[in-house]
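Everything below concerns the one structure shown next.
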Amino acid sequence: MSITTHQLMQWKPQGRAIVAVTAWDYAIAQVLDEAGVDLILIGDSLAMVALGHETTLPITLDEMLHHAKAVRRGVKRALLVCDLPFLSFQESPQQAIHSAGRILKEAGVQAVKLEGAHPAMVHTIAQIVQVGIPVMGHVGLTPQSVHRLGYRQQGKSPEAGERILQEAIALEQAGAFAIVLEHIPSDLADQITQKLTIPTIGIGAGAHCDGQVLVTADLLGLSSRQPPFAKSYANLRQTITQAVQTYGAEVREGRFPEG
């Protein structure tokens, strides 16, 4: 039985923490799902960790769909959410609805995530929700705005913090079922989490959110570099290197295959 957006919302008053990770292919998604995570995000971060781009901006909607379909085939239980990539939703609410609809229709995920919460984006999100597509919001550091904001922590001044709080409230009022809070001060994330009735998912936002999300390549130690707020729980980069080097040595020395 797969997890739903409604279950996620019910967990907040119960105090049940939400465990979220990212995925970009069938093999990784299957392992993550079997490990018991609650939410898998097909994040546009795959532009960097899987496709080698410097930012998330180059990835297209069709490329996101390709990866989302692969992830879908590996997942039986976790809630699946897919990012709408840069320039697939900013032009108009109609474009956003069409892009979000394609992701649900063609990839079989349950929800989409959009970055930003300026008034026009809040209106767009409300329009998407009204046609029956669940939306996860995203405020604070929004990587699609890297050329305007950089990768610096957001919301550090009282004015900036108040703006992000009001954006989060507006997203809830527009019908978002959850909101990602990225790279903002812990006390601001706590304030937003207490104010909202929908769950907050933190990344670099402290321990007071209703859940946490990590880019799986960072979590597993696959990334060549990672944000300061990420944590590696393994060093697969080293493990894979050693395995391949051992294999190479055995082939060169005639020890593999045996006989």
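So you can find residues: chains in the structure tokens are A, B, ... in the order shown, residues in each start at 1, and ligands are numbered from 1 in order.
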
- Could you give me the residues within range 38-101 of chain A that DSSP places in alpha helix (DSSP H), as a ChimeraX atom specification? /A:46-49,61-74,93-101

Mind dumping a table of every range 33-55 of chain A residue within 10 Å of range 131-155 of chain A, with the nearest atom pair and its distance in Å to one decimal, using only C-alpha atoms, sorted by chain and rising number, as JSON lines?
{"residue": "A:Asp44", "atom": "CA", "partner": "A:Gln144", "partner_atom": "CA", "distance": 9.1}
{"residue": "A:Ser45", "atom": "CA", "partner": "A:Pro143", "partner_atom": "CA", "distance": 8.7}
{"residue": "A:Thr55", "atom": "CA", "partner": "A:Pro143", "partner_atom": "CA", "distance": 7.7}

Near-Ala50 in chain A list (10 Å; only C-alpha atoms; drop same-chain fewer than 3 positions) as a tab-separated table (two decimals) with C-alpha atoms, in the first residue's frame:
chain	number	residue	atom	x	y	z
A	23	ALA	CA	16.16	9.16	-6.65
A	24	TRP	CA	17.03	9.25	-10.34
A	25	ASP	CA	16.91	5.64	-11.59
A	44	ASP	CA	15.97	18.24	-10.54
A	45	SER	CA	19.21	17.85	-8.54
A	46	LEU	CA	19.65	14.81	-10.80
A	47	ALA	CA	20.81	17.31	-13.42
A	53	HIS	CA	25.59	19.66	-15.10
A	67	HIS	CA	13.97	9.53	-14.98
A	217	ALA	CA	24.11	10.97	-3.76
A	223	SER	CA	29.01	13.19	-4.70

Can you check which parts of range 21-43 of chain A lie within 6 Å of range 71-92 of chain A? Per residue, the shortest pair of atoms and distance in Å to one decimal, counting only C-alpha atoms, sorted by chain and number, as a Markdown table.
| residue | atom | partner | partner_atom | distance |
| --- | --- | --- | --- | --- |
| A:Asp25 | CA | A:Val71 | CA | 5.0 |
| A:Tyr26 | CA | A:Val71 | CA | 4.7 |
| A:Ala29 | CA | A:Gly74 | CA | 5.3 |
| A:Gln30 | CA | A:Gly74 | CA | 4.3 |
| A:Asp33 | CA | A:Val75 | CA | 5.7 |
| A:Asp38 | CA | A:Ala78 | CA | 4.9 |
| A:Leu39 | CA | A:Leu79 | CA | 4.6 |
| A:Ile40 | CA | A:Leu80 | CA | 5.1 |
| A:Leu41 | CA | A:Val81 | CA | 4.8 |
| A:Ile42 | CA | A:Cys82 | CA | 4.6 |
| A:Gly43 | CA | A:Asp83 | CA | 5.2 |

Checklist entry - range 36-225 of chain A: which residues are strand (DSSP E or B) by DSSP, as a VMD selection string? => result chain A and resid 39 to 42 79 to 83 111 to 113 135 to 140 178 to 182 200 to 203 211 to 214

Practice task
Check the smallest atom-to-atom distance from each of A:Ile28, A:Cys209, A:Ile3, A:Met48 to Ala111 in chain A using only C-alpha atoms, then report the winner.
Solution key: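 Distance minimum relative to Ala111 in chain A lands on A:Ile3.
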
Just the residues within 12 Å of Val122 in chain A, please, counting only C-alpha atoms, with nothing from its chain fewer than 5 positions along; format it as a JSON list (two decimals) with N, CA and C atoms, in the first residue's frame.
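Final output, part_17.json:
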[["chain", "number", "residue", "atom", "x", "y", "z"],
["A", 89, "PHE", "N", 7.23, 25.69, -15.93],
["A", 89, "PHE", "CA", 6.04, 26.14, -15.20],
["A", 89, "PHE", "C", 5.97, 27.65, -14.99],
["A", 90, "GLN", "N", 7.03, 28.37, -15.32],
["A", 90, "GLN", "CA", 7.07, 29.81, -15.01],
["A", 90, "GLN", "C", 6.33, 30.69, -16.00],
["A", 92, "SER", "N", 3.27, 30.48, -17.51],
["A", 92, "SER", "CA", 1.85, 30.73, -17.26],
["A", 92, "SER", "C", 1.27, 29.58, -16.45],
["A", 93, "PRO", "N", 0.14, 29.82, -15.78],
["A", 93, "PRO", "CA", -0.53, 28.71, -15.09],
["A", 93, "PRO", "C", -0.88, 27.57, -16.04],
["A", 96, "ALA", "N", 2.13, 25.45, -16.57],
["A", 96, "ALA", "CA", 2.41, 24.70, -15.35],
["A", 96, "ALA", "C", 1.45, 23.51, -15.19],
["A", 114, "LEU", "N", 7.16, 22.54, -6.94],
["A", 114, "LEU", "CA", 7.53, 23.76, -7.63],
["A", 114, "LEU", "C", 8.31, 24.66, -6.69],
["A", 115, "GLU", "N", 9.35, 25.30, -7.22],
["A", 115, "GLU", "CA", 10.12, 26.25, -6.43],
["A", 115, "GLU", "C", 9.48, 27.64, -6.48],
["A", 116, "GLY", "N", 9.60, 28.35, -5.36],
["A", 116, "GLY", "CA", 9.21, 29.75, -5.32],
["A", 116, "GLY", "C", 7.82, 30.00, -4.78],
["A", 117, "ALA", "N", 7.60, 31.24, -4.32],
["A", 117, "ALA", "CA", 6.30, 31.58, -3.73],
["A", 117, "ALA", "C", 5.99, 33.06, -3.88],
["A", 127, "GLN", "N", -3.89, 27.13, -9.04],
["A", 127, "GLN", "CA", -4.53, 26.64, -10.27],
["A", 127, "GLN", "C", -4.24, 25.15, -10.48],
["A", 128, "ILE", "N", -3.01, 24.74, -10.22],
["A", 128, "ILE", "CA", -2.63, 23.33, -10.38],
["A", 128, "ILE", "C", -3.42, 22.46, -9.40],
["A", 129, "VAL", "N", -3.49, 22.93, -8.15],
["A", 129, "VAL", "CA", -4.22, 22.17, -7.12],
["A", 129, "VAL", "C", -5.70, 22.04, -7.49],
["A", 135, "VAL", "N", 0.45, 19.45, -4.90],
["A", 135, "VAL", "CA", 1.66, 20.25, -5.07],
["A", 135, "VAL", "C", 2.41, 20.37, -3.75],
["A", 136, "MET", "N", 3.71, 20.16, -3.81],
["A", 136, "MET", "CA", 4.61, 20.45, -2.70],
["A", 136, "MET", "C", 5.32, 21.76, -3.02],
["A", 137, "GLY", "N", 5.34, 22.68, -2.06],
["A", 137, "GLY", "CA", 6.01, 23.96, -2.25],
["A", 137, "GLY", "C", 7.48, 23.88, -1.88],
["A", 138, "HIS", "N", 8.20, 24.97, -2.13],
["A", 138, "HIS", "CA", 9.65, 25.00, -1.85],
["A", 138, "HIS", "C", 10.07, 26.45, -1.68],
["A", 139, "VAL", "N", 10.50, 26.81, -0.46],
["A", 139, "VAL", "CA", 10.94, 28.18, -0.18],
["A", 139, "VAL", "C", 12.31, 28.17, 0.49],
["A", 166, "GLN", "N", 5.80, 34.46, 5.31],
["A", 166, "GLN", "CA", 4.57, 34.82, 4.60],
["A", 166, "GLN", "C", 4.42, 34.01, 3.31],
["A", 167, "GLU", "N", 5.53, 33.71, 2.65],
["A", 167, "GLU", "CA", 5.47, 32.86, 1.45],
["A", 167, "GLU", "C", 4.96, 31.47, 1.80],
["A", 168, "ALA", "N", 5.45, 30.92, 2.90],
["A", 168, "ALA", "CA", 5.03, 29.58, 3.32],
["A", 168, "ALA", "C", 3.53, 29.57, 3.65],
["A", 169, "ILE", "N", 3.06, 30.61, 4.33],
["A", 169, "ILE", "CA", 1.64, 30.71, 4.65],
["A", 169, "ILE", "C", 0.81, 30.79, 3.38],
["A", 170, "ALA", "N", 1.29, 31.58, 2.41],
["A", 170, "ALA", "CA", 0.58, 31.73, 1.14],
["A", 170, "ALA", "C", 0.51, 30.40, 0.39],
["A", 171, "LEU", "N", 1.57, 29.61, 0.45],
["A", 171, "LEU", "CA", 1.58, 28.31, -0.22],
["A", 171, "LEU", "C", 0.57, 27.36, 0.42],
["A", 172, "GLU", "N", 0.49, 27.38, 1.74],
["A", 172, "GLU", "CA", -0.51, 26.56, 2.42],
["A", 172, "GLU", "C", -1.92, 26.98, 1.99],
["A", 173, "GLN", "N", -2.15, 28.28, 1.95],
["A", 173, "GLN", "CA", -3.47, 28.79, 1.57],
["A", 173, "GLN", "C", -3.80, 28.45, 0.12],
["A", 174, "ALA", "N", -2.78, 28.32, -0.72],
["A", 174, "ALA", "CA", -2.99, 27.97, -2.13],
["A", 174, "ALA", "C", -3.30, 26.49, -2.31],
["A", 175, "GLY", "N", -3.09, 25.69, -1.25],
["A", 175, "GLY", "CA", -3.44, 24.28, -1.32],
["A", 175, "GLY", "C", -2.28, 23.31, -1.33],
["A", 176, "ALA", "N", -1.04, 23.79, -1.13],
["A", 176, "ALA", "CA", 0.10, 22.88, -1.07],
["A", 176, "ALA", "C", -0.09, 21.90, 0.09]]

Between A:Gly259, A:Pro119, A:Gly161, A:Gly248, smallest distance to Asp190 in chain A by only C-alpha atoms belongs to A:Gly161
